[in-house]
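Participant: One file is attached below, model.txt, containing compact mmCIF, C-alpha atoms and all ligand atoms.
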```
# COMPACT_ATOMS: atom_id res chain seq x y z
CA MET A 1386 0.00 0.00 0.00
CA ARG A 1387 1.10 3.54 -0.74
CA ILE A 1388 0.74 6.39 1.76
CA ALA A 1389 1.35 10.08 1.08
CA HIS A 1390 2.60 11.81 4.24
CA ILE A 1391 2.53 15.62 4.48
CA SER A 1392 2.79 17.96 7.43
CA ASP A 1393 2.80 21.56 8.64
CA LEU A 1394 0.84 23.12 5.80
CA HIS A 1395 0.37 26.26 7.90
CA PHE A 1396 -2.44 27.89 5.94
CA TRP A 1397 -2.67 31.47 7.16
CA HIS A 1398 -5.14 34.30 7.25
CA VAL A 1399 -4.47 37.84 8.37
CA THR A 1400 -7.01 39.38 10.70
CA LEU A 1401 -6.88 42.83 12.25
CA ASP A 1402 -10.11 42.25 14.18
CA ILE A 1403 -9.15 43.30 17.69
CA ARG A 1404 -11.61 40.84 19.29
CA ARG A 1405 -9.85 37.92 17.62
CA LEU A 1406 -6.36 39.18 18.46
CA ALA A 1407 -6.69 38.67 22.20
CA GLY A 1408 -4.02 36.54 23.88
CA LYS A 1409 -1.51 34.50 21.93
CA ARG A 1410 -2.99 35.25 18.49
CA LEU A 1411 -1.63 38.80 18.67
CA LEU A 1412 1.86 37.29 18.98
CA GLY A 1413 1.13 34.83 16.17
CA MET A 1414 -0.21 37.54 13.89
CA GLY A 1415 2.94 39.62 14.40
CA ASN A 1416 5.11 36.61 13.53
CA LEU A 1417 2.88 35.88 10.54
CA LEU A 1418 3.19 39.37 9.09
CA LEU A 1419 6.92 39.72 9.73
CA ASN A 1420 7.98 36.22 8.81
CA ARG A 1421 5.58 33.48 7.84
CA VAL A 1422 3.71 35.13 4.95
CA TRP A 1423 6.96 35.05 2.95
CA LYS A 1424 7.83 31.45 3.81
CA TYR A 1425 4.56 29.50 3.72
CA ARG A 1426 3.15 29.71 0.21
CA MET A 1427 -0.42 28.48 -0.01
CA GLU A 1428 -0.43 29.08 -3.77
CA THR A 1429 1.80 25.98 -4.09
CA MET A 1430 -0.93 23.77 -2.61
CA PRO A 1431 -2.56 22.85 -5.97
CA ALA A 1432 0.82 21.61 -7.27
CA LEU A 1433 1.29 19.53 -4.10
CA VAL A 1434 -2.22 18.05 -4.37
CA GLU A 1435 -1.59 17.26 -8.04
CA ARG A 1436 1.67 15.48 -7.14
CA ILE A 1437 -0.06 13.44 -4.45
CA LEU A 1438 -2.80 12.41 -6.89
CA GLU A 1439 -0.14 11.41 -9.44
CA ILE A 1440 1.37 8.81 -7.10
CA LYS A 1441 -2.14 7.35 -6.55
CA PRO A 1442 -1.90 6.84 -2.78
CA ASP A 1443 -4.18 4.41 -0.99
CA HIS A 1444 -4.06 6.75 1.98
CA VAL A 1445 -3.03 10.31 2.82
CA LEU A 1446 -1.72 11.25 6.28
CA VAL A 1447 -1.42 14.85 7.51
CA THR A 1448 0.50 15.23 10.78
CA GLY A 1449 -0.71 18.56 12.10
CA ASP A 1450 -0.22 22.32 11.95
CA LEU A 1451 -2.68 22.71 9.12
CA THR A 1452 -3.27 26.29 10.26
CA THR A 1453 -1.20 29.14 11.72
CA THR A 1454 -3.35 30.75 14.41
CA ALA A 1455 -6.35 28.37 14.33
CA LEU A 1456 -8.69 30.85 12.66
CA GLU A 1457 -11.92 29.61 11.10
CA GLU A 1458 -10.81 31.01 7.72
CA GLU A 1459 -7.61 28.95 7.88
CA PHE A 1460 -9.44 25.75 8.81
CA SER A 1461 -12.03 26.22 6.04
CA ALA A 1462 -9.40 26.96 3.38
CA VAL A 1463 -7.17 24.00 4.23
CA ARG A 1464 -10.16 21.66 4.52
CA GLU A 1465 -11.27 22.70 1.03
CA ALA A 1466 -7.73 22.33 -0.37
CA LEU A 1467 -7.53 18.75 0.96
CA GLU A 1468 -10.90 17.79 -0.49
CA PRO A 1469 -9.50 16.15 -3.68
CA LEU A 1470 -7.40 13.85 -1.46
CA ALA A 1471 -10.39 12.54 0.45
CA PRO A 1472 -12.72 10.68 -1.91
CA THR A 1473 -13.92 8.88 1.23
CA PRO A 1474 -13.29 9.74 4.91
CA SER A 1475 -11.38 6.46 5.30
CA SER A 1476 -8.73 7.50 2.76
CA LEU A 1477 -7.51 10.59 4.67
CA THR A 1478 -6.16 10.83 8.21
CA VAL A 1479 -5.54 14.19 9.89
CA ILE A 1480 -4.17 14.87 13.36
CA PRO A 1481 -3.80 18.31 14.98
CA GLY A 1482 -0.61 20.27 15.64
CA ASN A 1483 -0.04 22.89 18.29
CA HIS A 1484 -1.01 25.67 15.84
CA ASP A 1485 -4.43 24.02 15.39
CA ARG A 1486 -5.09 24.57 19.10
CA TYR A 1487 -3.35 27.93 19.13
CA THR A 1488 -5.67 29.79 21.48
CA ARG A 1489 -7.72 28.64 24.44
CA GLU A 1490 -10.85 29.59 22.52
CA SER A 1491 -9.91 27.46 19.49
CA ALA A 1492 -9.22 24.48 21.78
CA ARG A 1493 -12.38 25.02 23.84
CA SER A 1494 -14.60 25.33 20.76
CA ARG A 1495 -13.01 22.19 19.24
CA ALA A 1496 -12.18 24.08 16.03
CA PHE A 1497 -9.97 21.26 14.69
CA GLU A 1498 -12.63 18.63 15.35
CA ARG A 1499 -15.37 20.71 13.71
CA HIS A 1500 -13.43 20.57 10.43
CA PHE A 1501 -11.71 17.19 10.56
CA ALA A 1502 -13.64 14.87 12.91
CA GLU A 1503 -15.07 12.89 10.01
CA PHE A 1504 -11.59 11.51 9.27
CA ALA A 1505 -11.13 10.11 12.79
CA PRO A 1506 -12.45 6.67 13.75
CA SER A 1507 -13.76 7.93 17.09
CA VAL A 1508 -14.29 11.10 19.08
CA GLY A 1509 -11.24 12.08 21.09
CA PHE A 1510 -7.66 10.81 21.12
CA PRO A 1511 -6.02 8.37 21.12
CA TRP A 1512 -7.62 6.33 18.36
CA LEU A 1513 -6.62 3.46 16.11
CA LYS A 1514 -7.59 3.59 12.44
CA ARG A 1515 -7.14 0.45 10.39
CA ILE A 1516 -6.00 1.35 6.88
CA ASP A 1517 -5.42 -2.08 5.38
CA GLY A 1518 -5.80 -5.63 6.77
CA ASN A 1519 -3.09 -5.69 9.41
CA ALA A 1520 -1.90 -2.07 9.00
CA GLY A 1521 -3.14 0.75 11.18
CA ILE A 1522 -2.50 4.33 12.25
CA LEU A 1523 -2.45 5.11 15.95
CA GLY A 1524 -3.38 8.77 16.43
CA LEU A 1525 -1.92 10.53 19.47
CA ASP A 1526 -2.64 14.10 20.53
CA PRO A 1527 -0.24 15.91 22.88
CA THR A 1528 -1.33 19.38 21.68
CA HIS A 1529 -2.81 22.10 23.85
CA PRO A 1530 -2.79 25.90 23.91
CA ASN A 1531 0.13 27.63 25.64
CA PRO A 1532 0.38 31.28 26.70
CA ILE A 1533 3.67 31.74 24.81
CA SER A 1534 5.51 28.48 24.12
CA ALA A 1535 4.87 25.68 21.60
CA LEU A 1536 5.11 22.83 24.12
CA GLY A 1537 3.12 19.63 23.92
CA THR A 1538 2.31 17.15 26.68
CA ILE A 1539 1.79 13.42 26.31
CA THR A 1540 0.43 11.88 29.48
CA ARG A 1541 0.90 8.39 30.89
CA GLU A 1542 -2.86 7.98 30.84
CA HIS A 1543 -3.01 8.85 27.10
CA LEU A 1544 -0.37 6.21 26.38
CA MET A 1545 -2.13 3.62 28.54
CA ARG A 1546 -5.32 4.11 26.54
CA ALA A 1547 -3.30 3.82 23.31
CA ALA A 1548 -1.77 0.56 24.54
CA LYS A 1549 -5.23 -0.78 25.32
CA LEU A 1550 -6.37 -0.02 21.75
CA LEU A 1551 -3.41 -1.94 20.34
CA ASP A 1552 -3.88 -4.80 22.80
CA GLU A 1553 -7.51 -5.20 21.89
CA ALA A 1554 -7.18 -4.76 18.10
CA GLU A 1555 -8.64 -7.77 16.35
CA PRO A 1556 -7.04 -8.88 14.11
CA GLY A 1557 -3.79 -7.56 15.56
CA ILE A 1558 -1.94 -4.61 14.00
CA GLU A 1559 1.27 -5.98 12.51
CA ARG A 1560 2.28 -2.87 10.57
CA LEU A 1561 1.90 0.06 12.90
CA LEU A 1562 2.17 3.75 12.02
CA VAL A 1563 2.06 6.14 14.96
CA ALA A 1564 0.91 9.65 14.03
CA CYS A 1565 1.81 12.40 16.51
CA HIS A 1566 2.69 16.01 15.74
CA TYR A 1567 5.81 16.27 17.94
CA PRO A 1568 9.12 14.50 17.27
CA VAL A 1569 10.08 11.81 19.78
CA ALA A 1570 13.81 12.18 19.02
CA LEU A 1571 15.99 14.44 16.91
CA PRO A 1572 18.79 13.42 14.57
CA ALA A 1573 22.36 14.27 15.55
CA GLY A 1574 23.12 17.95 15.06
CA ILE A 1575 19.53 19.16 15.46
CA VAL A 1576 18.72 21.10 18.63
CA GLU A 1577 15.17 21.65 19.81
CA GLY A 1578 14.21 25.30 20.21
CA HIS A 1579 13.46 26.41 23.77
CA GLY A 1580 9.78 25.87 24.63
CA HIS A 1581 9.19 23.81 21.48
CA GLY A 1582 9.47 20.25 22.79
CA LEU A 1583 7.29 17.48 24.19
CA ARG A 1584 6.71 16.82 27.86
CA GLY A 1585 6.46 13.08 28.47
CA CYS A 1586 8.90 12.32 25.64
CA LYS A 1587 10.70 9.61 27.64
CA GLU A 1588 7.43 7.80 28.31
CA LEU A 1589 6.56 8.01 24.62
CA GLN A 1590 9.97 6.56 23.71
CA ALA A 1591 9.34 3.64 26.08
CA PHE A 1592 5.91 3.13 24.52
CA LEU A 1593 7.38 3.05 21.00
CA ALA A 1594 10.13 0.67 22.07
CA HIS A 1595 7.51 -1.70 23.46
CA TRP A 1596 5.26 -1.51 20.39
CA GLY A 1597 8.00 -1.68 17.76
CA PRO A 1598 8.56 -2.09 14.91
CA ASN A 1599 6.67 1.02 13.94
CA LEU A 1600 6.84 4.10 11.77
CA TYR A 1601 6.63 7.29 13.82
CA CYS A 1602 5.13 9.94 11.53
CA HIS A 1603 5.40 13.49 12.81
CA GLY A 1604 6.07 17.11 11.87
CA HIS A 1605 6.53 20.28 13.98
CA VAL A 1606 10.24 20.85 13.29
CA HIS A 1607 9.82 21.94 9.63
CA ALA A 1608 12.81 19.85 8.58
CA SER A 1609 12.71 16.63 6.59
CA TRP A 1610 14.35 13.42 7.79
CA ALA A 1611 14.03 9.66 8.05
CA PHE A 1612 16.06 7.95 10.75
CA CYS A 1613 15.96 5.42 13.55
CA PRO A 1614 17.09 6.96 16.86
CA SER A 1615 19.97 5.08 18.45
CA GLY A 1616 17.79 4.18 21.45
CA LEU A 1617 14.86 3.16 19.25
CA PRO A 1618 16.22 0.90 16.52
CA ARG A 1619 12.77 -0.45 15.67
CA THR A 1620 11.15 2.98 15.24
CA LEU A 1621 11.63 4.76 11.94
CA CYS A 1622 10.99 8.48 12.56
CA LEU A 1623 9.61 10.29 9.54
CA ASP A 1624 9.27 14.05 9.16
CA PRO A 1625 8.36 15.15 5.62
CA GLY A 1626 9.12 18.81 6.47
CA ALA A 1627 6.75 21.77 6.24
CA ALA A 1628 4.92 20.96 3.01
CA LEU A 1629 4.66 24.46 1.53
CA LYS A 1630 7.71 26.15 3.04
CA VAL A 1631 10.09 27.97 0.72
CA ARG A 1632 13.72 27.19 1.52
CA LYS A 1633 15.94 29.75 -0.11
CA ARG A 1634 19.21 27.87 0.38
CA SER A 1635 18.11 24.59 -1.20
CA GLY A 1636 15.52 26.08 -3.57
CA VAL A 1637 12.87 23.67 -2.21
CA ARG A 1638 9.31 24.99 -2.48
CA ALA A 1639 7.27 21.94 -1.49
CA SER A 1640 7.96 18.54 0.06
CA MET A 1641 6.21 15.30 0.92
CA PHE A 1642 6.91 11.64 1.66
CA GLU A 1643 5.66 8.61 -0.18
CA ILE A 1644 5.64 5.57 2.12
CA ILE A 1645 5.38 2.19 0.43
CA LEU A 1646 4.38 -0.82 2.55
CA ALA A 1647 4.62 -4.23 0.90
CA GLY A 1648 4.53 -7.33 3.08
CA LYS A 1649 7.11 -6.74 5.82
CA SER A 1650 9.02 -4.11 3.86
CA VAL A 1651 8.97 -0.33 4.00
CA GLU A 1652 10.38 2.18 1.58
CA VAL A 1653 10.21 5.96 2.00
CA ILE A 1654 10.62 8.29 -0.96
CA ARG A 1655 11.00 12.04 -0.58
CA HIS A 1656 9.39 14.23 -3.23
CA VAL A 1657 10.62 17.81 -3.39
CA MET A 1658 9.68 20.60 -5.76
CA ARG A 1659 12.48 23.00 -6.66
CA GLU A 1660 10.99 25.93 -8.54
CA GLU A 1661 8.50 24.08 -10.80
CA VAL A 1662 10.27 20.71 -11.02
CA TRP A 1663 9.66 17.69 -8.79
CA SER A 1664 12.45 15.27 -7.93
CA VAL A 1665 12.47 12.06 -5.90
CA GLU A 1666 14.98 10.44 -3.57
CA SER A 1667 14.77 7.24 -1.55
CA VAL A 1668 15.45 8.12 2.10
CA ALA A 1669 14.80 4.77 3.79
CA SER A 1670 14.44 1.21 2.60
CA ALA A 1671 14.17 -1.81 4.88
CA PRO A 1672 12.99 -5.08 3.26
CA ASP A 1673 12.27 -6.82 6.58
CA PHE A 1674 11.32 -3.81 8.70
CA PHE A 1675 8.13 -5.20 10.22
CA ASN A 1676 9.99 -8.27 11.41
CA GLY A 1677 12.85 -6.60 13.19
CA GLY A 1678 13.08 -2.89 12.45
CA ALA A 1679 15.51 -1.01 10.25
CA LYS A 1680 18.56 -1.32 12.45
CA ALA A 1681 20.83 -2.80 9.80
CA ARG A 1682 20.44 -0.04 7.27
CA ASP A 1683 19.14 3.10 8.88
CA GLY A 1684 20.28 3.01 12.52
CA GLY A 1685 20.95 6.54 13.68
CA GLU A 1686 21.55 7.78 10.18
CA ARG A 1687 20.00 11.03 9.04
CA LYS A 1688 19.21 11.90 5.46
CA GLY A 1689 17.42 15.17 5.27
CA PHE A 1690 17.26 18.91 4.81
CA GLN A 1691 16.12 21.90 6.80
FE FE A 1701 4.59 23.73 12.30
FE FE A 1702 4.04 22.49 15.45
```
Could you show the structure in this file as structure tokens?

Facilitator:
Amino acid sequence: MRIAHISDLHFWHVTLDIRRLAGKRLLGMGNLLLNRVWKYRMETMPALVERILEIKPDHVLVTGDLTTTALEEEFSAVREALEPLAPTPSSLTVIPGNHDRYTRESARSRAFERHFAEFAPSVGFPWLKRIDGNAGILGLDPTHPNPISALGTITREHLMRAAKLLDEAEPGIERLLVACHYPVALPAGIVEGHGHGLRGCKELQAFLAHWGPNLYCHGHVHASWAFCPSGLPRTLCLDPGAALKVRKRSGVRASMFEIILAGKSVEVIRHVMREEVWSVESVASAPDFFNGGAKARDGGERKGFQ
């Protein structure tokens, strides 16, 4: 089966409505106007959607930060843009990022759920969505509004409920993808920004070690990589990078992953658009991954860009 994995679309909308600028959104709007409007190019979205349709995925996974300050206009626009990728609710999976719960009001009013609940197998996280026979996506949600930071929190209780879902899955999930917005580990040389990380990360690492082999599909860092952390040889961490971010140094204007599952094997192909031209590169390939992980080929190695 073929899965298209994208993340951190960061659709944005400028508002100067003072009632909607209360709290953290004022900060976010300043950052948007000074910085993000130049980097996150929504006009590239049709080309990205076209590319995804070209590879004919069986499933599309979006790992959060669909919006910038969780405005209704942003949610509506990104929902509409994703429409061609969702012929049925079962063919698209969407989890929230911290920007989708940017303000207390957006979290309280369940703004993300109002636009994307139909793609979840149940109300509330965690959930387990079967995508093919013995393959499934476990959706985790450590996101919550913060006064200033971009921190997430994964609780022991959340992970215990996730474990119960996997324990009780019938038939059992043999090819597990875990979808969670925050990275669980960073490749060598990458340093997490202050106030940007995940509380409960150690517990999540222990969870992944127990439930390996698995693919850990995330976003948040806006860099693209595929690697197995040295302490988690049976977890292949995948970050496709911020899908519509312009990177001046490399010339990249859009990026996505194509994940191919066949029997016990996994292959991950990065698609990047430089100016108008798409190119592909294999970033991970493990023929027997779902037997023993990718230790032999990908252990600790990083192949990516920022
Ligand atoms: Fe992001
Ligand atoms: Fe994020």

Participant: Take the point (8.8, -10.9, 8.3) in the file's coordinates, draw a sphere of radius 7 Å around it, and report as a ChimeraX atom specification every protein, DNA or RNA residue with an atom inside or on it, counting only C-alpha atoms.

Facilitator: /A:1649,1673,1675-1676

Participant: Select the residues contacting ligand FE 1702 (chain A) at a distance of at most 8 Å, based on only C-alpha atoms and all ligand atoms, then format the selection as an MDAnalysis selection string.

Facilitator: chainID A and resid 1393 1449:1450 1482:1484 1535 1566:1567 1604:1606

Participant: I'd like a table as a tab-separated table: residues in stretch 1592-1681 of chain A with an atom no more than 9 Å from stretch 1395-1403 of chain A, each row giving the shortest atom pair and its distance in Å to one decimal, all atoms listed in the file counted, sorted by chain and rising residue number.

Facilitator:
```
residue	atom	partner	partner_atom	distance
A:Ala1627	CA	A:His1395	CA	8.0
A:Ala1628	CA	A:His1395	CA	8.5
A:Leu1629	CA	A:His1395	CA	7.9
A:Lys1630	CA	A:His1395	CA	8.8
```

Participant: Fewer than 4 positions away in the same chain doesn't count, so skip those; otherwise give me all residues within 12 Å of A:Ala1548, counting only C-alpha atoms, as a list in words.

Facilitator: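 Skipping anything fewer than 4 positions along the chain leaves Pro1511, Trp1512, Leu1513, Leu1523, Gly1524, Leu1525, Arg1541, Glu1542, His1543, Leu1544, Asp1552, Glu1553, Ala1554, Ile1558, Val1563, Leu1589, Ala1591, Phe1592, Leu1593, His1595 and Trp1596 of chain A.
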
Participant: Store the residues picked out above, limited to C-alpha atoms, as a PDB file, in the coordinates of the input.

Facilitator:
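Contents of the output file part_3.pdb:
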```pdb
ATOM      1  CA  PRO A1511      -6.020   8.370  21.120  1.00  0.00           C
ATOM      2  CA  TRP A1512      -7.620   6.330  18.360  1.00  0.00           C
ATOM      3  CA  LEU A1513      -6.620   3.460  16.110  1.00  0.00           C
ATOM      4  CA  LEU A1523      -2.450   5.110  15.950  1.00  0.00           C
ATOM      5  CA  GLY A1524      -3.380   8.770  16.430  1.00  0.00           C
ATOM      6  CA  LEU A1525      -1.920  10.530  19.470  1.00  0.00           C
ATOM      7  CA  ARG A1541       0.900   8.390  30.890  1.00  0.00           C
ATOM      8  CA  GLU A1542      -2.860   7.980  30.840  1.00  0.00           C
ATOM      9  CA  HIS A1543      -3.010   8.850  27.100  1.00  0.00           C
ATOM     10  CA  LEU A1544      -0.370   6.210  26.380  1.00  0.00           C
ATOM     11  CA  ASP A1552      -3.880  -4.800  22.800  1.00  0.00           C
ATOM     12  CA  GLU A1553      -7.510  -5.200  21.890  1.00  0.00           C
ATOM     13  CA  ALA A1554      -7.180  -4.760  18.100  1.00  0.00           C
ATOM     14  CA  ILE A1558      -1.940  -4.610  14.000  1.00  0.00           C
ATOM     15  CA  VAL A1563       2.060   6.140  14.960  1.00  0.00           C
ATOM     16  CA  LEU A1589       6.560   8.010  24.620  1.00  0.00           C
ATOM     17  CA  ALA A1591       9.340   3.640  26.080  1.00  0.00           C
ATOM     18  CA  PHE A1592       5.910   3.130  24.520  1.00  0.00           C
ATOM     19  CA  LEU A1593       7.380   3.050  21.000  1.00  0.00           C
ATOM     20  CA  HIS A1595       7.510  -1.700  23.460  1.00  0.00           C
ATOM     21  CA  TRP A1596       5.260  -1.510  20.390  1.00  0.00           C
TER      22      TRP A1596
END
```

Participant: Give me the residues near stretch 1654-1666 of chain A as a PDB file with C-alpha atoms, in the coordinates of the input, where near means some atom within 7 Å (using all atoms listed in the file) and where sequence neighbours in that chain fewer than 2 positions away do not count.

Facilitator:
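Okay, this is what ended up in around.pdb:
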```pdb
ATOM      1  CA  GLY A1636      15.520  26.080  -3.570  1.00  0.00           C
ATOM      2  CA  VAL A1637      12.870  23.670  -2.210  1.00  0.00           C
ATOM      3  CA  ARG A1638       9.310  24.990  -2.480  1.00  0.00           C
ATOM      4  CA  ALA A1639       7.270  21.940  -1.490  1.00  0.00           C
ATOM      5  CA  SER A1640       7.960  18.540   0.060  1.00  0.00           C
ATOM      6  CA  MET A1641       6.210  15.300   0.920  1.00  0.00           C
ATOM      7  CA  PHE A1642       6.910  11.640   1.660  1.00  0.00           C
ATOM      8  CA  GLU A1643       5.660   8.610  -0.180  1.00  0.00           C
ATOM      9  CA  ILE A1644       5.640   5.570   2.120  1.00  0.00           C
ATOM     10  CA  GLU A1652      10.380   2.180   1.580  1.00  0.00           C
ATOM     11  CA  VAL A1668      15.450   8.120   2.100  1.00  0.00           C
TER      12      VAL A1668
END
```

Participant: Considering all atoms listed in the file, state which residue in the set A:Ile1533, A:Leu1561, A:Ala1608, A:Leu1600 is at the smallest distance from A:Ile1575.

Facilitator: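 Of all the options, A:Ala1608 lies closest to A:Ile1575.
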